[in-house]
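Asker: Below is the file data.csv, with CSV, C-alpha atoms.
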```
chain,number,residue,atom,x,y,z
F,1416,MET,CA,-164.8,-113.7,61.3
F,1417,ILE,CA,-161.6,-111.9,60.0
F,1418,ASP,CA,-161.1,-110.7,63.6
F,1419,VAL,CA,-161.7,-114.1,65.0
F,1420,THR,CA,-159.3,-115.7,62.5
F,1421,ALA,CA,-156.6,-113.2,63.5
F,1422,LEU,CA,-156.6,-114.6,67.0
F,1423,GLY,CA,-155.0,-117.8,65.5
F,1424,GLY,CA,-152.5,-116.0,63.3
F,1425,GLY,CA,-148.8,-116.0,63.7
F,1426,THR,CA,-148.6,-112.4,65.0
F,1427,VAL,CA,-151.2,-112.8,67.8
F,1428,LEU,CA,-149.9,-116.3,68.8
F,1429,THR,CA,-146.3,-115.0,68.9
F,1430,ILE,CA,-147.3,-112.0,71.0
F,1431,VAL,CA,-149.3,-114.1,73.5
F,1432,THR,CA,-146.5,-116.6,73.8
F,1433,ALA,CA,-143.9,-113.9,74.2
F,1434,ILE,CA,-145.9,-112.3,77.0
F,1435,VAL,CA,-146.3,-115.6,78.8
F,1436,VAL,CA,-142.6,-116.5,78.4
F,1437,ALA,CA,-141.6,-113.0,79.5
F,1438,TYR,CA,-143.9,-113.3,82.6
F,1439,LEU,CA,-142.2,-116.7,83.5
F,1440,LEU,CA,-138.8,-115.0,83.1
F,1441,VAL,CA,-139.8,-112.1,85.4
F,1442,ILE,CA,-141.0,-114.5,88.1
F,1443,ARG,CA,-137.7,-116.5,87.6
F,1444,ARG,CA,-139.3,-119.6,86.2
F,1445,TRP,CA,-136.4,-120.1,83.8
F,1446,SER,CA,-136.9,-123.7,82.9
F,1447,THR,CA,-140.6,-123.4,82.5
F,1448,ALA,CA,-140.2,-120.3,80.2
F,1449,GLY,CA,-137.8,-122.3,78.0
F,1450,PHE,CA,-140.1,-125.3,78.0
F,1451,VAL,CA,-143.1,-123.2,76.9
F,1452,ALA,CA,-141.1,-121.4,74.2
F,1453,PHE,CA,-139.8,-124.8,72.9
F,1454,ALA,CA,-143.2,-126.5,73.0
F,1455,ILE,CA,-144.9,-123.7,71.1
F,1456,ALA,CA,-142.1,-123.0,68.6
F,1457,GLY,CA,-141.7,-126.7,68.0
F,1458,GLY,CA,-145.4,-127.0,67.3
F,1459,GLY,CA,-145.2,-124.2,64.7
F,1460,ALA,CA,-142.3,-126.0,63.0
F,1461,ALA,CA,-144.3,-129.2,63.0
F,1462,ASN,CA,-147.1,-127.4,61.3
F,1463,GLU,CA,-144.8,-126.1,58.6
F,1464,LEU,CA,-143.4,-129.6,58.1
F,1465,LEU,CA,-146.9,-131.1,57.7
F,1466,LYS,CA,-148.0,-128.4,55.2
F,1467,SER,CA,-144.9,-128.9,53.1
F,1468,THR,CA,-145.4,-132.6,53.2
F,1469,PHE,CA,-149.1,-132.7,52.1
F,1470,LEU,CA,-149.2,-129.6,49.8
F,1471,ARG,CA,-153.0,-129.7,49.6
F,1472,ALA,CA,-154.6,-126.9,47.5
F,1473,ARG,CA,-157.0,-124.5,49.2
F,1474,PRO,CA,-160.7,-124.7,48.4
F,1475,ASP,CA,-161.8,-122.7,45.4
F,1476,LEU,CA,-165.5,-123.2,45.8
F,1477,VAL,CA,-166.1,-119.6,47.0
F,1478,ALA,CA,-164.0,-116.4,46.9
F,1479,HIS,CA,-161.6,-116.3,49.9
F,1480,LEU,CA,-162.5,-113.6,52.3
F,1481,THR,CA,-158.9,-113.3,53.6
F,1482,ASP,CA,-155.5,-113.9,52.0
F,1483,SER,CA,-153.7,-117.2,52.5
F,1484,TYR,CA,-150.6,-118.2,50.8
F,1485,SER,CA,-149.5,-121.5,52.2
F,1486,SER,CA,-150.9,-125.0,51.5
F,1487,SER,CA,-154.2,-126.0,53.1
F,1488,PHE,CA,-153.6,-129.1,55.1
F,1489,PRO,CA,-153.5,-129.0,58.0
F,1490,SER,CA,-154.9,-125.6,59.0
F,1491,GLY,CA,-152.1,-123.7,60.6
F,1492,HIS,CA,-154.5,-121.4,62.4
F,1493,ALA,CA,-156.4,-124.4,63.8
F,1494,MET,CA,-153.3,-126.3,64.7
F,1495,ASN,CA,-151.3,-123.4,66.1
F,1496,SER,CA,-154.2,-122.0,68.1
F,1497,ALA,CA,-154.9,-125.4,69.6
F,1498,LEU,CA,-151.3,-126.1,70.6
F,1499,THR,CA,-150.7,-122.5,71.9
F,1500,TYR,CA,-154.0,-121.8,73.7
F,1501,LEU,CA,-154.4,-125.4,75.1
F,1502,THR,CA,-150.7,-125.6,76.2
F,1503,LEU,CA,-151.0,-122.2,78.0
F,1504,ALA,CA,-154.4,-123.1,79.5
F,1505,ALA,CA,-153.0,-126.4,80.8
F,1506,LEU,CA,-150.0,-124.6,82.3
F,1507,LEU,CA,-152.2,-122.0,84.0
F,1508,ALA,CA,-154.8,-124.5,85.1
F,1509,ARG,CA,-152.1,-126.4,87.0
F,1510,THR,CA,-151.5,-123.4,89.2
F,1511,GLN,CA,-155.1,-123.3,90.4
F,1512,LYS,CA,-156.6,-125.2,93.3
F,1513,ASN,CA,-160.2,-124.3,92.4
F,1514,LYS,CA,-161.6,-126.8,89.9
F,1515,ARG,CA,-164.0,-124.3,88.5
F,1516,VAL,CA,-161.1,-122.0,87.6
F,1517,ARG,CA,-159.2,-124.9,85.9
F,1518,VAL,CA,-162.3,-125.9,83.9
F,1519,PHE,CA,-162.9,-122.2,83.0
F,1520,LEU,CA,-159.3,-121.8,81.7
F,1521,LEU,CA,-159.5,-125.0,79.6
F,1522,ALA,CA,-163.0,-124.1,78.3
F,1523,VAL,CA,-161.9,-120.7,77.1
F,1524,ALA,CA,-158.9,-122.3,75.3
F,1525,ILE,CA,-161.2,-124.9,73.7
F,1526,VAL,CA,-163.9,-122.4,72.6
F,1527,LEU,CA,-161.3,-119.9,71.3
F,1528,THR,CA,-159.6,-122.7,69.3
F,1529,MET,CA,-162.9,-123.9,67.9
F,1530,ALA,CA,-164.0,-120.4,66.9
F,1531,ILE,CA,-160.7,-119.9,65.1
F,1532,GLY,CA,-161.1,-123.1,63.2
F,1533,PHE,CA,-164.7,-122.4,62.2
F,1534,SER,CA,-163.6,-119.0,61.0
F,1535,ARG,CA,-161.2,-120.6,58.5
F,1536,VAL,CA,-163.9,-122.6,56.9
F,1537,TYR,CA,-166.3,-119.6,56.9
F,1538,LEU,CA,-163.7,-117.4,55.2
F,1539,GLY,CA,-163.4,-120.1,52.5
F,1540,VAL,CA,-159.7,-120.7,53.0
F,1541,HIS,CA,-159.9,-124.3,54.4
F,1542,TRP,CA,-161.7,-127.5,53.9
F,1543,PRO,CA,-163.4,-128.7,57.1
F,1544,THR,CA,-160.9,-131.7,57.1
F,1545,ASP,CA,-158.0,-129.2,57.2
F,1546,VAL,CA,-159.4,-127.7,60.4
F,1547,ILE,CA,-160.2,-131.0,62.0
F,1548,ALA,CA,-156.7,-132.2,61.3
F,1549,GLY,CA,-155.2,-129.0,62.7
F,1550,TRP,CA,-157.3,-129.3,65.9
F,1551,CYS,CA,-156.4,-133.0,66.4
F,1552,VAL,CA,-152.7,-132.5,65.8
F,1553,GLY,CA,-152.6,-129.3,67.9
F,1554,ALA,CA,-154.5,-130.8,70.8
F,1555,THR,CA,-152.4,-133.9,70.7
F,1556,TRP,CA,-149.3,-131.7,70.7
F,1557,ALA,CA,-150.6,-129.7,73.7
F,1558,LEU,CA,-151.5,-132.8,75.6
F,1559,THR,CA,-148.2,-134.4,74.9
F,1560,PHE,CA,-146.3,-131.4,76.2
F,1561,ALA,CA,-148.6,-131.1,79.2
F,1562,LEU,CA,-147.7,-134.7,80.1
F,1563,ILE,CA,-144.0,-134.0,79.5
F,1564,ALA,CA,-144.1,-130.9,81.7
F,1565,HIS,CA,-145.8,-133.0,84.5
F,1566,ALA,CA,-143.1,-135.6,84.3
F,1567,LEU,CA,-140.3,-133.1,84.3
F,1568,GLN,CA,-141.8,-131.3,87.2
F,1569,ARG,CA,-142.0,-134.6,89.2
F,1570,ARG,CA,-138.3,-135.0,88.5
F,1571,ASN,CA,-137.6,-131.4,89.5
F,1572,GLN,CA,-136.2,-130.7,86.0
F,1573,ILE,CA,-138.5,-127.8,85.5
F,1574,GLU,CA,-140.2,-125.8,88.2
F,1575,ARG,CA,-143.3,-127.1,89.8
F,1576,PRO,CA,-146.4,-125.0,89.5
F,1577,GLN,CA,-147.1,-122.7,92.5
F,1578,ALA,CA,-150.7,-123.0,93.4
F,1579,ALA,CA,-152.6,-119.7,93.6
F,1580,ASN,CA,-154.3,-119.0,96.9
F,1581,ASN,CA,-157.8,-119.6,95.8
F,1582,PRO,CA,-160.6,-120.8,98.0
F,1583,SER,CA,-161.7,-124.3,96.9
```
For the file at hand, write its structure as structure tokens.
Answerer:
Amino acid sequence: MIDVTALGGGTVLTIVTAIVVAYLLVIRRWSTAGFVAFAIAGGGAANELLKSTFLRARPDLVAHLTDSYSSSFPSGHAMNSALTYLTLAALLARTQKNKRVRVFLLAVAIVLTMAIGFSRVYLGVHWPTDVIAGWCVGATWALTFALIAHALQRRNQIERPQAANNPS
């Protein structure tokens, strides 16, 4: 569970985001790269703002199986993994013609996000409500930015997705 929870930590999410942004820059998708970086960094800042607003103590029912130093609500791992993995999956899914590939990408993001949230409760560092709130806010953030990206693409303010050559 410690390894699963690490997939939602700041280091891994930053590396994944940096790789995607770098890839977008390499393929000269400047506006999309900036949009992705802004969406994910903004979500991280929103999480910090929420944590500093609620200042909820972490559970003390069992010994924590990992170190945590910030407040408990909402779960940063749950929120940040939801907003990062779901945003990136939505971005990738828009490049695919094949519906099964789109569903697969979104399913992987959802399962990964859920596993990370469950790991936080298992490790004793979050209440279930912390994780549920993190999932809800992170998923809402990802959906909002997916809709914004779609609107910006329709107005040609960021690059349109280039569909991969997949058989339908």
Asker: Go through F:Thr1499, F:Arg1509, F:Asn1571, F:Phe1488 and flag the residue nearest F:Thr1468, using only C-alpha atoms for the distances.
Answerer: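 Looking only at the distances to F:Thr1468, the closest residue turns out to be F:Phe1488.
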Asker: Just checking: using only C-alpha atoms, which residue out of F:Cys1551, F:Leu1521, F:Val1435, F:Leu1506 ends up closest to F:Glu1574?
Answerer: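 For F:Glu1574, the nearest of the candidates is F:Leu1506.
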Asker: Could you check how far atom CA of F:Thr1528 sits from atom CA of F:Ala1497, in Å to one decimal?
Answerer: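 Separation between atom CA of F:Thr1528 and atom CA of F:Ala1497: 5.4 Å.
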Asker: Determine the nearest neighbour of F:Gly1424 from the options F:Gly1491, F:Gly1539, F:Gly1553, F:Gly1457, counting all atoms listed in the file.
Answerer: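 Among the listed residues, the smallest separation from F:Gly1424 belongs to F:Gly1491.
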Asker: Quick check, in Å to one decimal: how far apart do atom CA of F:Phe1560 and atom CA of F:Ala1452 lie?
Answerer: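 Computed distance, atom CA of F:Phe1560 to atom CA of F:Ala1452, equals 11.4 Å.
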Asker: Between atom CA of F:Leu1562 and atom CA of F:Val1526, what is the spacing in Å?
Answerer: 21.7 Å
Asker: Which polymer residues have any atom within 9 Å of an atom of F:Gly1549, counting all atoms listed in the file, with same-chain residues fewer than 5 positions away left out, as a ChimeraX atom specification?
Answerer: /F:1462,1488-1497,1532,1544,1554
Asker: Go ahead and write the residues just picked, C-alpha atoms, as a PDB file, keeping the file's coordinate frame.
Answerer:
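Just written: again.pdb:
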```pdb
ATOM      1  CA  ASN F1462    -147.100-127.400  61.300  1.00  0.00           C
ATOM      2  CA  PHE F1488    -153.600-129.100  55.100  1.00  0.00           C
ATOM      3  CA  PRO F1489    -153.500-129.000  58.000  1.00  0.00           C
ATOM      4  CA  SER F1490    -154.900-125.600  59.000  1.00  0.00           C
ATOM      5  CA  GLY F1491    -152.100-123.700  60.600  1.00  0.00           C
ATOM      6  CA  HIS F1492    -154.500-121.400  62.400  1.00  0.00           C
ATOM      7  CA  ALA F1493    -156.400-124.400  63.800  1.00  0.00           C
ATOM      8  CA  MET F1494    -153.300-126.300  64.700  1.00  0.00           C
ATOM      9  CA  ASN F1495    -151.300-123.400  66.100  1.00  0.00           C
ATOM     10  CA  SER F1496    -154.200-122.000  68.100  1.00  0.00           C
ATOM     11  CA  ALA F1497    -154.900-125.400  69.600  1.00  0.00           C
ATOM     12  CA  GLY F1532    -161.100-123.100  63.200  1.00  0.00           C
ATOM     13  CA  THR F1544    -160.900-131.700  57.100  1.00  0.00           C
ATOM     14  CA  ALA F1554    -154.500-130.800  70.800  1.00  0.00           C
TER      15      ALA F1554
END
```
Asker: Provide stretch 1438-1455 of chain F rebuilt to N, CA and C atoms, formatted as a PDB file, keeping the file's coordinate frame.
Answerer:
```pdb
ATOM      1  N   TYR F1438    -143.339-113.236  81.213  1.00  0.00           N
ATOM      2  CA  TYR F1438    -143.900-113.300  82.600  1.00  0.00           C
ATOM      3  C   TYR F1438    -143.126-114.402  83.374  1.00  0.00           C
ATOM      4  N   LEU F1439    -142.949-115.563  82.768  1.00  0.00           N
ATOM      5  CA  LEU F1439    -142.200-116.700  83.500  1.00  0.00           C
ATOM      6  C   LEU F1439    -140.800-116.261  83.769  1.00  0.00           C
ATOM      7  N   LEU F1440    -140.173-115.513  82.875  1.00  0.00           N
ATOM      8  CA  LEU F1440    -138.800-115.000  83.100  1.00  0.00           C
ATOM      9  C   LEU F1440    -138.779-114.023  84.280  1.00  0.00           C
ATOM     10  N   VAL F1441    -139.757-113.136  84.296  1.00  0.00           N
ATOM     11  CA  VAL F1441    -139.800-112.100  85.400  1.00  0.00           C
ATOM     12  C   VAL F1441    -139.982-112.771  86.727  1.00  0.00           C
ATOM     13  N   ILE F1442    -140.773-113.843  86.795  1.00  0.00           N
ATOM     14  CA  ILE F1442    -141.000-114.500  88.100  1.00  0.00           C
ATOM     15  C   ILE F1442    -139.905-115.610  88.309  1.00  0.00           C
ATOM     16  N   ARG F1443    -138.880-115.597  87.475  1.00  0.00           N
ATOM     17  CA  ARG F1443    -137.700-116.500  87.600  1.00  0.00           C
ATOM     18  C   ARG F1443    -138.032-117.960  87.461  1.00  0.00           C
ATOM     19  N   ARG F1444    -138.936-118.238  86.551  1.00  0.00           N
ATOM     20  CA  ARG F1444    -139.300-119.600  86.200  1.00  0.00           C
ATOM     21  C   ARG F1444    -138.564-119.972  84.913  1.00  0.00           C
ATOM     22  N   TRP F1445    -137.222-119.966  84.968  1.00  0.00           N
ATOM     23  CA  TRP F1445    -136.400-120.100  83.800  1.00  0.00           C
ATOM     24  C   TRP F1445    -136.686-121.323  82.959  1.00  0.00           C
ATOM     25  N   SER F1446    -136.684-122.465  83.612  1.00  0.00           N
ATOM     26  CA  SER F1446    -136.900-123.700  82.900  1.00  0.00           C
ATOM     27  C   SER F1446    -138.279-123.806  82.281  1.00  0.00           C
ATOM     28  N   THR F1447    -139.269-123.346  83.024  1.00  0.00           N
ATOM     29  CA  THR F1447    -140.600-123.400  82.500  1.00  0.00           C
ATOM     30  C   THR F1447    -140.764-122.448  81.300  1.00  0.00           C
ATOM     31  N   ALA F1448    -140.136-121.280  81.366  1.00  0.00           N
ATOM     32  CA  ALA F1448    -140.200-120.300  80.200  1.00  0.00           C
ATOM     33  C   ALA F1448    -139.562-120.984  78.989  1.00  0.00           C
ATOM     34  N   GLY F1449    -138.414-121.630  79.154  1.00  0.00           N
ATOM     35  CA  GLY F1449    -137.800-122.300  78.000  1.00  0.00           C
ATOM     36  C   GLY F1449    -138.622-123.449  77.497  1.00  0.00           C
ATOM     37  N   PHE F1450    -139.243-124.182  78.404  1.00  0.00           N
ATOM     38  CA  PHE F1450    -140.100-125.300  78.000  1.00  0.00           C
ATOM     39  C   PHE F1450    -141.287-124.816  77.190  1.00  0.00           C
ATOM     40  N   VAL F1451    -141.947-123.761  77.653  1.00  0.00           N
ATOM     41  CA  VAL F1451    -143.100-123.200  76.900  1.00  0.00           C
ATOM     42  C   VAL F1451    -142.685-122.704  75.556  1.00  0.00           C
ATOM     43  N   ALA F1452    -141.596-121.960  75.503  1.00  0.00           N
ATOM     44  CA  ALA F1452    -141.100-121.400  74.200  1.00  0.00           C
ATOM     45  C   ALA F1452    -140.798-122.587  73.255  1.00  0.00           C
ATOM     46  N   PHE F1453    -140.122-123.622  73.772  1.00  0.00           N
ATOM     47  CA  PHE F1453    -139.800-124.800  72.900  1.00  0.00           C
ATOM     48  C   PHE F1453    -141.014-125.506  72.448  1.00  0.00           C
ATOM     49  N   ALA F1454    -141.967-125.739  73.349  1.00  0.00           N
ATOM     50  CA  ALA F1454    -143.200-126.500  73.000  1.00  0.00           C
ATOM     51  C   ALA F1454    -143.958-125.769  71.892  1.00  0.00           C
ATOM     52  N   ILE F1455    -144.128-124.468  72.033  1.00  0.00           N
ATOM     53  CA  ILE F1455    -144.900-123.700  71.100  1.00  0.00           C
ATOM     54  C   ILE F1455    -144.187-123.509  69.750  1.00  0.00           C
TER      55      ILE F1455
END
```
